[in-house]
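*Asks:* Just one file: query_38.cif, with mmCIF, C-alpha atoms.
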```cif
data_upload
#
loop_
_atom_site.label_atom_id
_atom_site.label_comp_id
_atom_site.auth_asym_id
_atom_site.auth_seq_id
_atom_site.Cartn_x
_atom_site.Cartn_y
_atom_site.Cartn_z
CA MET K 209 -9.46 38.43 -5.86
CA ASP K 210 -8.98 37.98 -9.62
CA ILE K 211 -9.14 34.60 -11.31
CA LYS K 212 -5.37 34.46 -11.94
CA ARG K 213 -4.68 34.62 -8.20
CA LEU K 214 -7.59 32.37 -7.28
CA LEU K 215 -6.73 29.38 -9.51
CA PRO K 216 -3.38 28.54 -7.82
CA LEU K 217 -5.08 28.73 -4.43
CA LEU K 218 -7.76 26.32 -5.62
CA ALA K 219 -5.13 23.96 -7.04
CA MET K 220 -3.67 23.21 -3.61
CA PRO K 221 -6.91 21.82 -2.10
CA ALA K 222 -7.30 19.81 -5.32
CA LEU K 223 -3.83 18.32 -4.78
CA LEU K 224 -4.61 17.48 -1.15
CA LEU K 225 -7.89 15.86 -2.17
CA ALA K 226 -6.09 13.86 -4.88
CA VAL K 227 -3.56 12.54 -2.34
CA GLU K 228 -6.31 11.61 0.14
CA ILE K 229 -8.50 9.86 -2.43
CA GLY K 230 -5.44 8.18 -3.91
CA SER K 231 -4.34 6.96 -0.48
CA LEU K 232 -7.76 5.39 0.11
CA LEU K 233 -7.60 3.58 -3.23
CA ILE K 234 -3.99 2.45 -2.82
CA SER K 235 -4.69 1.20 0.71
CA LEU K 236 -6.65 -1.70 -0.81
CA PRO K 237 -3.72 -3.27 -2.73
CA VAL K 238 -1.36 -2.33 0.12
CA GLN K 239 -3.46 -4.33 2.56
CA ALA K 240 -3.80 -7.22 0.10
CA ALA K 241 -0.02 -7.31 -0.36
CA GLY K 242 0.58 -7.21 3.41
CA ILE K 243 2.82 -4.14 3.23
CA THR K 244 3.09 -2.46 6.63
CA ALA K 245 5.41 0.00 8.36
CA PHE K 246 4.82 -1.39 11.88
CA GLN K 247 4.02 -4.91 13.05
CA ASP K 248 1.63 -3.83 15.81
CA PRO K 249 -0.66 -1.01 14.61
CA THR K 250 -2.00 -0.39 18.14
CA SER K 251 1.41 0.21 19.78
CA TYR K 252 1.83 3.68 21.28
CA ALA K 253 5.55 3.35 20.61
CA ASN K 254 4.96 3.67 16.86
CA PRO K 255 4.51 7.47 16.85
CA ILE K 256 7.66 7.85 18.94
CA ILE K 257 9.61 5.66 16.52
CA PHE K 258 8.24 7.69 13.59
CA ILE K 259 9.29 10.99 15.21
CA ALA K 260 12.73 9.62 16.13
CA ILE K 261 13.40 8.52 12.54
CA LEU K 262 12.16 11.89 11.26
CA LEU K 263 14.43 13.81 13.64
CA ALA K 264 17.44 11.66 12.74
CA PHE K 265 16.86 12.09 8.99
CA THR K 266 16.27 15.84 9.37
CA GLY K 267 19.44 16.22 11.44
CA PHE K 268 21.42 14.26 8.87
CA LEU K 269 20.20 16.48 6.02
CA LEU K 270 20.92 19.65 8.03
CA VAL K 271 24.51 18.50 8.58
CA LEU K 272 24.88 17.87 4.84
CA ILE K 273 23.45 21.34 4.11
CA ARG K 274 25.78 22.91 6.69
CA PHE K 275 28.82 21.48 4.90
CA ASP K 276 27.36 22.18 1.44
CA LEU K 277 27.45 18.50 0.42
CA ARG K 278 24.90 19.07 -2.33
CA LYS K 279 25.66 15.91 -4.31
CA VAL K 280 25.30 13.75 -1.21
CA ILE K 281 21.97 15.39 -0.36
CA ALA K 282 20.71 14.81 -3.90
CA ALA K 283 21.84 11.17 -3.78
CA VAL K 284 20.20 10.51 -0.40
CA ILE K 285 16.89 11.99 -1.51
CA CYS K 286 17.05 10.18 -4.86
CA ILE K 287 17.60 6.82 -3.15
CA SER K 288 14.76 7.56 -0.72
CA ILE K 289 12.40 8.36 -3.61
CA PHE K 290 13.44 5.19 -5.46
CA LEU K 291 12.79 3.01 -2.39
CA THR K 292 9.43 4.71 -1.84
CA PHE K 293 8.39 4.00 -5.42
CA GLY K 294 9.52 0.41 -4.88
CA TYR K 295 7.13 -0.12 -1.96
CA ILE K 296 4.27 1.56 -3.81
CA PHE K 297 4.72 -0.45 -7.01
CA ALA K 298 5.12 -3.64 -4.98
CA ALA K 299 1.48 -3.31 -3.93
CA PHE K 300 0.32 -2.96 -7.53
CA VAL K 301 2.55 -5.71 -8.91
CA ALA K 302 1.26 -8.11 -6.24
CA MET K 303 -2.19 -7.74 -7.80
CA VAL K 304 -0.87 -9.02 -11.14
CA THR K 305 1.61 -11.76 -10.30
CA ALA K 306 2.87 -13.71 -7.30
CA ASP K 307 6.02 -14.91 -9.07
CA PRO K 308 8.94 -13.54 -6.98
CA VAL K 309 11.32 -13.12 -9.93
CA ILE K 310 8.82 -11.39 -12.19
CA SER K 311 7.61 -9.25 -9.29
CA SER K 312 11.12 -8.13 -8.34
CA VAL K 313 12.06 -7.23 -11.90
CA ALA K 314 8.79 -5.37 -12.48
CA ILE K 315 9.09 -3.40 -9.23
CA ILE K 316 12.70 -2.38 -9.93
CA VAL K 317 11.97 -1.39 -13.54
CA LEU K 318 8.92 0.68 -12.59
CA ALA K 319 10.71 2.36 -9.67
CA VAL K 320 13.73 3.19 -11.84
CA LEU K 321 11.58 4.62 -14.63
CA ALA K 322 9.52 6.77 -12.25
CA THR K 323 12.64 8.06 -10.47
CA LEU K 324 14.40 8.81 -13.77
CA LEU K 325 11.36 10.70 -15.05
CA LEU K 326 11.25 12.75 -11.87
CA TYR K 327 14.93 13.67 -12.07
CA LYS K 328 15.46 13.89 -15.83
CA TYR K 329 12.39 16.01 -16.50
CA PRO K 330 11.41 17.73 -13.23
CA GLU K 331 8.78 20.04 -14.67
CA TRP K 332 6.17 21.17 -12.14
CA TYR K 333 3.36 18.98 -13.51
CA VAL K 334 5.59 15.89 -13.51
CA ILE K 335 6.57 16.62 -9.91
CA ASP K 336 2.95 17.11 -8.89
CA ILE K 337 1.60 14.00 -10.66
CA LEU K 338 4.29 11.70 -9.29
CA GLY K 339 4.07 13.56 -5.98
CA ILE K 340 0.42 12.54 -5.73
CA LEU K 341 1.48 8.91 -6.25
CA ILE K 342 4.26 9.17 -3.66
CA GLY K 343 2.09 10.99 -1.14
CA ALA K 344 -0.85 8.63 -1.58
CA GLY K 345 1.39 5.58 -1.42
CA VAL K 346 3.22 6.64 1.74
CA ALA K 347 -0.02 7.72 3.44
CA SER K 348 -1.68 4.39 2.60
CA ILE K 349 1.24 2.35 3.98
CA PHE K 350 1.35 4.26 7.27
CA GLY K 351 -2.44 4.51 7.41
CA VAL K 352 -2.89 0.72 7.34
CA SER K 353 -0.02 0.37 9.83
CA LEU K 354 -1.28 2.70 12.56
CA ASP K 355 -4.51 2.42 14.53
CA ILE K 356 -6.55 5.54 15.31
CA ILE K 357 -5.02 6.52 18.68
CA PRO K 358 -1.37 6.18 17.53
CA VAL K 359 -2.21 8.28 14.45
CA LEU K 360 -3.83 10.98 16.57
CA ILE K 361 -0.77 11.05 18.85
CA LEU K 362 1.49 11.23 15.79
CA LEU K 363 -0.42 14.12 14.22
CA VAL K 364 -0.43 16.15 17.44
CA LEU K 365 3.32 15.59 17.97
CA LEU K 366 4.12 16.45 14.37
CA ALA K 367 2.02 19.63 14.50
CA ALA K 368 3.89 20.76 17.62
CA TYR K 369 7.26 19.85 16.08
CA ASP K 370 6.45 21.68 12.84
CA ALA K 371 5.47 24.84 14.72
CA ILE K 372 8.66 24.77 16.81
CA SER K 373 10.90 24.03 13.82
CA VAL K 374 9.43 26.86 11.71
CA TYR K 375 8.74 29.61 14.25
CA LYS K 376 11.23 28.89 17.04
CA THR K 377 14.38 27.07 15.91
CA LYS K 378 13.68 27.83 12.20
CA HIS K 379 15.70 24.78 11.15
CA MET K 380 12.83 23.57 8.96
CA ILE K 381 13.13 26.78 6.94
CA THR K 382 16.84 26.10 6.48
CA LEU K 383 16.06 22.56 5.37
CA ALA K 384 13.35 23.71 2.95
CA GLU K 385 15.60 26.35 1.41
CA GLY K 386 18.38 23.80 0.95
CA VAL K 387 16.04 21.34 -0.76
CA ILE K 388 14.53 24.07 -2.96
CA ASP K 389 17.95 25.34 -4.04
CA LEU K 390 18.75 21.84 -5.30
CA LYS K 391 15.41 21.72 -7.19
CA THR K 392 14.80 18.41 -5.45
CA PRO K 393 11.37 17.04 -6.44
CA ILE K 394 10.00 16.28 -2.96
CA LEU K 395 7.41 19.03 -2.82
CA PHE K 396 4.32 20.19 -4.67
CA VAL K 397 4.68 23.15 -7.00
CA VAL K 398 1.72 25.34 -8.00
CA PRO K 399 2.57 27.99 -10.62
CA LYS K 400 1.17 31.50 -10.30
CA ARG K 401 1.52 32.21 -14.01
CA ARG K 402 0.92 30.33 -17.22
CA ASP K 403 4.50 30.49 -18.58
CA TYR K 404 6.14 29.17 -15.40
CA SER K 405 8.73 26.38 -15.65
CA PHE K 406 10.25 24.71 -12.60
CA ILE K 407 13.19 23.50 -14.70
CA ARG K 408 13.93 27.00 -15.91
CA ASP K 409 12.80 29.18 -13.01
CA GLY K 410 12.97 27.04 -9.90
CA ILE K 411 11.33 28.76 -6.93
CA GLY K 412 13.80 31.56 -6.37
CA LYS K 413 12.96 33.60 -9.46
CA LEU K 414 10.67 36.53 -8.65
CA ALA K 415 7.58 37.24 -10.70
CA ASP K 416 6.13 40.69 -11.38
CA GLY K 417 5.27 42.58 -8.22
CA GLY K 418 8.00 40.95 -6.16
CA GLU K 419 6.15 37.68 -5.57
CA ARG K 420 7.43 34.18 -5.98
CA ALA K 421 6.61 32.61 -9.32
CA ALA K 422 4.98 29.59 -7.67
CA TYR K 423 3.53 28.36 -4.42
CA ILE K 424 5.21 25.36 -2.83
CA ILE K 425 3.86 22.97 -0.22
CA GLY K 426 5.81 20.20 1.41
CA MET K 427 4.92 16.62 0.64
CA GLY K 428 4.61 15.92 4.35
CA ASP K 429 1.84 18.50 4.61
CA MET K 430 -0.20 16.39 2.19
CA ILE K 431 0.80 13.00 3.61
CA MET K 432 0.13 13.48 7.34
CA PRO K 433 -3.60 14.33 7.13
CA SER K 434 -4.05 11.49 4.63
CA ILE K 435 -2.65 8.98 7.14
CA LEU K 436 -5.60 9.65 9.46
CA VAL K 437 -8.02 9.43 6.52
CA VAL K 438 -6.76 5.93 5.68
CA SER K 439 -6.51 4.80 9.31
CA ALA K 440 -10.07 5.92 10.02
CA ASN K 441 -11.34 4.04 7.00
CA VAL K 442 -9.39 0.86 7.81
CA PHE K 443 -9.68 0.60 11.59
CA LEU K 444 -13.29 1.76 12.00
CA PRO K 445 -15.25 -0.90 10.12
CA GLY K 446 -19.00 -0.96 9.76
CA GLY K 447 -21.48 1.86 9.43
CA TRP K 448 -22.57 3.76 6.34
CA ARG K 449 -19.95 4.17 3.61
CA LEU K 450 -19.92 6.50 0.62
CA LEU K 451 -20.04 4.34 -2.52
CA GLY K 452 -19.60 1.42 -0.15
CA LEU K 453 -15.95 2.40 0.37
CA VAL K 454 -15.42 5.47 2.59
CA ASN K 455 -16.85 5.81 6.10
CA LEU K 456 -18.00 9.00 7.86
CA PRO K 457 -14.87 9.49 10.04
CA ALA K 458 -12.67 9.36 6.91
CA ILE K 459 -14.98 11.78 5.08
CA GLY K 460 -14.92 14.07 8.11
CA ALA K 461 -11.12 13.94 8.17
CA ILE K 462 -10.99 14.87 4.48
CA LEU K 463 -13.34 17.82 4.92
CA GLY K 464 -11.49 18.92 8.06
CA SER K 465 -8.13 18.82 6.28
CA LEU K 466 -9.51 21.02 3.49
CA CYS K 467 -10.73 23.53 6.10
CA GLY K 468 -7.31 23.43 7.75
CA LEU K 469 -5.66 24.06 4.38
CA ALA K 470 -7.95 27.07 3.83
CA VAL K 471 -6.71 28.51 7.13
CA LEU K 472 -3.11 27.80 6.12
CA LEU K 473 -3.51 29.50 2.73
CA HIS K 474 -4.92 32.58 4.45
CA PHE K 475 -1.64 32.95 6.35
CA VAL K 476 0.51 31.89 3.38
CA ASN K 477 -0.69 35.00 1.54
CA SER K 478 1.29 37.07 4.05
CA GLY K 479 4.39 35.97 2.15
CA LYS K 480 6.13 34.51 5.22
CA PRO K 481 7.03 30.82 5.72
CA GLN K 482 4.26 29.03 7.58
CA ALA K 483 4.11 25.78 9.54
CA GLY K 484 1.60 23.73 7.58
CA LEU K 485 0.87 20.89 9.99
CA PRO K 486 -0.76 22.79 12.89
CA PRO K 487 -3.81 23.92 10.84
CA LEU K 488 -3.79 20.86 8.56
CA ASN K 489 -3.51 18.25 11.31
CA GLY K 490 -5.79 20.23 13.60
CA GLY K 491 -8.50 20.49 10.96
CA THR K 492 -8.14 16.82 10.06
CA ILE K 493 -8.49 15.70 13.69
CA ILE K 494 -11.54 17.91 14.30
CA GLY K 495 -13.18 16.70 11.09
CA PHE K 496 -12.46 13.08 12.03
CA LEU K 497 -14.01 13.52 15.48
CA ILE K 498 -17.15 15.07 13.97
CA GLY K 499 -17.38 12.21 11.47
CA TRP K 500 -16.83 9.64 14.21
CA ALA K 501 -19.55 11.25 16.37
CA ALA K 502 -21.93 11.21 13.38
CA MET K 503 -21.19 7.51 12.81
CA MET K 504 -21.90 6.74 16.47
CA LEU K 505 -25.22 8.63 16.33
CA MET K 506 -26.25 6.76 13.20
CA GLY K 507 -25.48 3.49 14.96
#
```
Represent the supplied structure as structure tokens.
*Replies:*
Amino acid sequence: MDIKRLLPLLAMPALLLAVEIGSLLISLPVQAAGITAFQDPTSYANPIIFIAILLAFTGFLLVLIRFDLRKVIAAVICISIFLTFGYIFAAFVAMVTADPVISSVAIIVLAVLATLLLYKYPEWYVIDILGILIGAGVASIFGVSLDIIPVLILLVLLAAYDAISVYKTKHMITLAEGVIDLKTPILFVVPKRRDYSFIRDGIGKLADGGERAAYIIGMGDMIMPSILVVSANVFLPGGWRLLGLVNLPAIGAILGSLCGLAVLLHFVNSGKPQAGLPPLNGGTIIGFLIGWAAMMLMG
């Protein structure tokens, strides 16, 4: 494989690693600020609630796509991104000031600026950089909110759902195509050529040889493995830690997710849409279990 084809494939593991490392770092201010998605991190109901919300939101977007309500779709996603930035920046602002007025103003201003940048100049590198922040922030919030067993249940359920929605019902492909057509910045974009522009080309434009001009990977494919990375690091205290920060189960989950991504990229080269979560979540879980076993052996 020549270097031009190899570099984009190497960029995707780099993005996943950036999200996972970022989620571990952001989890510290998130915990300090007391930001959580669920009150009881050990509740087995949490994964079910997560899936139910996901199904409801997916169904809502599919209805909007069915009736070609493009402006409504764009508005819904824009508001969701703004609120996500708000939660992420709230953790950082809490490290600087406890004043409620100053905090609120700072959070709103930062969230507005980040959202405007994403929508006013959605070039691929802007999308990817802010996507790393979004992915890491969301993963850190859910990672500190879900204990190990609920996360494992969630990842298994999501992997099964992703496989069904891509290969059986195919509604996830319909959703992805609708989002891509709108050039909505809720995915990662990896160009295959140096002169690529997401603003100009989008995803639909074909490059030489009949291939897409860029690889795309859903933000959820980066977030879900990172949730287990954070949860493992937060809810399994003690033991040896890399740089005093990251434990063996979290390291195992990171390495496992990268192996899962390698498997996914092998199938992506076929040119057909692939369900990302089965290999990604599967690899992450296996890596976590190996890391956990190593931690137990080390005492």
*Asks:* Residue by residue, what does the PyMOL selection byres ((chain K and resi 380) around 12) grab here? Present the result as a tab-separated table (two decimals) with C-alpha atoms, in the frame of the given file.
*Replies:*
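Writing the result to expr-v3.tsv gives the following:
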```tsv
chain	number	residue	atom	x	y	z
K	262	LEU	CA	12.16	11.89	11.26
K	263	LEU	CA	14.43	13.81	13.64
K	266	THR	CA	16.27	15.84	9.37
K	267	GLY	CA	19.44	16.22	11.44
K	269	LEU	CA	20.20	16.48	6.02
K	270	LEU	CA	20.92	19.65	8.03
K	273	ILE	CA	23.45	21.34	4.11
K	369	TYR	CA	7.26	19.85	16.08
K	370	ASP	CA	6.45	21.68	12.84
K	371	ALA	CA	5.47	24.84	14.72
K	372	ILE	CA	8.66	24.77	16.81
K	373	SER	CA	10.90	24.03	13.82
K	374	VAL	CA	9.43	26.86	11.71
K	375	TYR	CA	8.74	29.61	14.25
K	376	LYS	CA	11.23	28.89	17.04
K	377	THR	CA	14.38	27.07	15.91
K	378	LYS	CA	13.68	27.83	12.20
K	379	HIS	CA	15.70	24.78	11.15
K	381	ILE	CA	13.13	26.78	6.94
K	382	THR	CA	16.84	26.10	6.48
K	383	LEU	CA	16.06	22.56	5.37
K	384	ALA	CA	13.35	23.71	2.95
K	385	GLU	CA	15.60	26.35	1.41
K	386	GLY	CA	18.38	23.80	0.95
K	387	VAL	CA	16.04	21.34	-0.76
K	426	GLY	CA	5.81	20.20	1.41
K	481	PRO	CA	7.03	30.82	5.72
K	482	GLN	CA	4.26	29.03	7.58
K	483	ALA	CA	4.11	25.78	9.54
K	484	GLY	CA	1.60	23.73	7.58
```
*Asks:* Where does the PyMOL selection byres ((chain K and resi 411) around 9) land in this file, that is, which residues does it pick, as a list in words?
*Replies:*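 Selected by the PyMOL selection byres ((chain K and resi 411) around 9) here: Ile388, Asp389, Lys391, Val397, Phe406, Asp409, Gly410, Gly412, Lys413, Leu414, Arg420, Ala421, Ala422, Tyr423 and Ile424 of chain K.
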*Asks:* What's the separation between CA of Phe290 in chain K and CA of Leu354 in chain K, in Å to one decimal place?
*Replies:* 23.4 Å
*Asks:* Which centre and edge lengths in Å to one decimal define the box along x, y and z that fits every listed atom of range 284-301 of chain K plus 6 Å per side, as AutoDock Vina command-line options?
*Replies:*
```
--center_x 10.3 --center_y 3.1 --center_z -4.7 --size_x 31.9 --size_y 29.7 --size_z 20.5
```
*Asks:* As a check of understanding, name the residues that the PyMOL selection byres ((chain K and resi 241) around 10) selects in the supplied structure, as a short mmCIF file (atom, residue, chain, number, x, y, z; two decimals) with C-alpha atoms, keeping the file's coordinate frame.
*Replies:*
```cif
data_model
loop_
_atom_site.label_atom_id
_atom_site.label_comp_id
_atom_site.auth_asym_id
_atom_site.auth_seq_id
_atom_site.Cartn_x
_atom_site.Cartn_y
_atom_site.Cartn_z
CA SER K 235 -4.69 1.20 0.71
CA LEU K 236 -6.65 -1.70 -0.81
CA PRO K 237 -3.72 -3.27 -2.73
CA VAL K 238 -1.36 -2.33 0.12
CA GLN K 239 -3.46 -4.33 2.56
CA ALA K 240 -3.80 -7.22 0.10
CA GLY K 242 0.58 -7.21 3.41
CA ILE K 243 2.82 -4.14 3.23
CA THR K 244 3.09 -2.46 6.63
CA ALA K 298 5.12 -3.64 -4.98
CA ALA K 299 1.48 -3.31 -3.93
CA PHE K 300 0.32 -2.96 -7.53
CA VAL K 301 2.55 -5.71 -8.91
CA ALA K 302 1.26 -8.11 -6.24
CA MET K 303 -2.19 -7.74 -7.80
CA ALA K 306 2.87 -13.71 -7.30
#
```
*Asks:* With the cut-off set at 10 Å and counting all atoms listed in the file, tabulate each residue of range 358-472 of chain K with an atom at most that distance from an atom of range 245-252 of chain K, showing the nearest atom pair and its distance in Å to one decimal, ordered by chain and increasing number, as a tab-separated table.
*Replies:*
```
residue	atom	partner	partner_atom	distance
K:Pro358	CA	K:Tyr252	CA	5.5
K:Val359	CA	K:Tyr252	CA	9.2
K:Ile361	CA	K:Tyr252	CA	8.2
K:Leu362	CA	K:Tyr252	CA	9.3
K:Ser439	CA	K:Pro249	CA	9.8
K:Phe443	CA	K:Pro249	CA	9.6
```
*Asks:* Need to verify the contact set: Val437 in chain K, 6 Å, only C-alpha atoms, exclusion of same-chain residues closer than 2 positions in sequence. Can you return it as a list in words?
*Replies:*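 Everything that qualifies: Ser434, Ile435, Ser439, Ala440, Ala458 and Ala461 of chain K.
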*Asks:* Report the distance between CA of Leu451 in chain K and CA of Leu217 in chain K in Å, rounded to one decimal place.
*Replies:*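 Going from CA of Leu451 in chain K over to CA of Leu217 in chain K covers 28.7 Å.
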*Asks:* Rounded to one decimal in Å, what is the spacing between CA of Leu324 in chain K and CA of Ser288 in chain K?
*Replies:*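 One can read the CA of Leu324 in chain K to CA of Ser288 in chain K distance as 13.1 Å.
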*Asks:* Pick out the closest residue to Lys279 in chain K from this set: K:Leu450, K:Met427, K:Ile494, K:Leu390. Count all atoms listed in the file.
*Replies:* K:Leu390
*Asks:* Could you check which of K:Phe475, K:Leu466, K:Pro255, K:Leu488 is closest to Leu365 in chain K, using only C-alpha atoms?
*Replies:*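 For Leu365 in chain K, the nearest of the candidates is K:Pro255.
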*Asks:* Using all atoms listed in the file, pick whichever of K:Pro433, K:Gly446, K:Ile356, K:Ala226 has the shortest atom-to-atom distance to Leu469 in chain K.
*Replies:*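 Checking each candidate against Leu469 in chain K, we get K:Pro433 as the closest.
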*Asks:* Pick the closest to Ile459 in chain K from K:Ala283, K:Met430, K:Val309, K:Leu232: which is it, counting all atoms listed in the file?
*Replies:*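 The shortest atom-to-atom distance to Ile459 in chain K comes from K:Leu232.
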*Asks:* With all atoms listed in the file as the atoms that count, which of K:Met503, K:Ile498, K:Pro399, K:His474 lies nearest to Leu215 in chain K?
*Replies:*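 Distance minimum relative to Leu215 in chain K lands on K:Pro399.
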*Asks:* Return the single residue from K:Val304, K:Ile342, K:Ile316, K:Leu436 that is closest to Phe396 in chain K, with distances computed using all atoms listed in the file.
*Replies:*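 Among the listed residues, K:Ile342 lies closest to Phe396 in chain K.
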*Asks:* Would you pick out the contacts of Gly343 in chain K at 12 Å or less, using all atoms listed in the file, so that residues sharing its chain but fewer than 6 positions from it are not included, and give the list as a ChimeraX atom specification?
*Replies:* /K:223-232,234,289,292-293,296,335-337,349-351,394-396,426-435
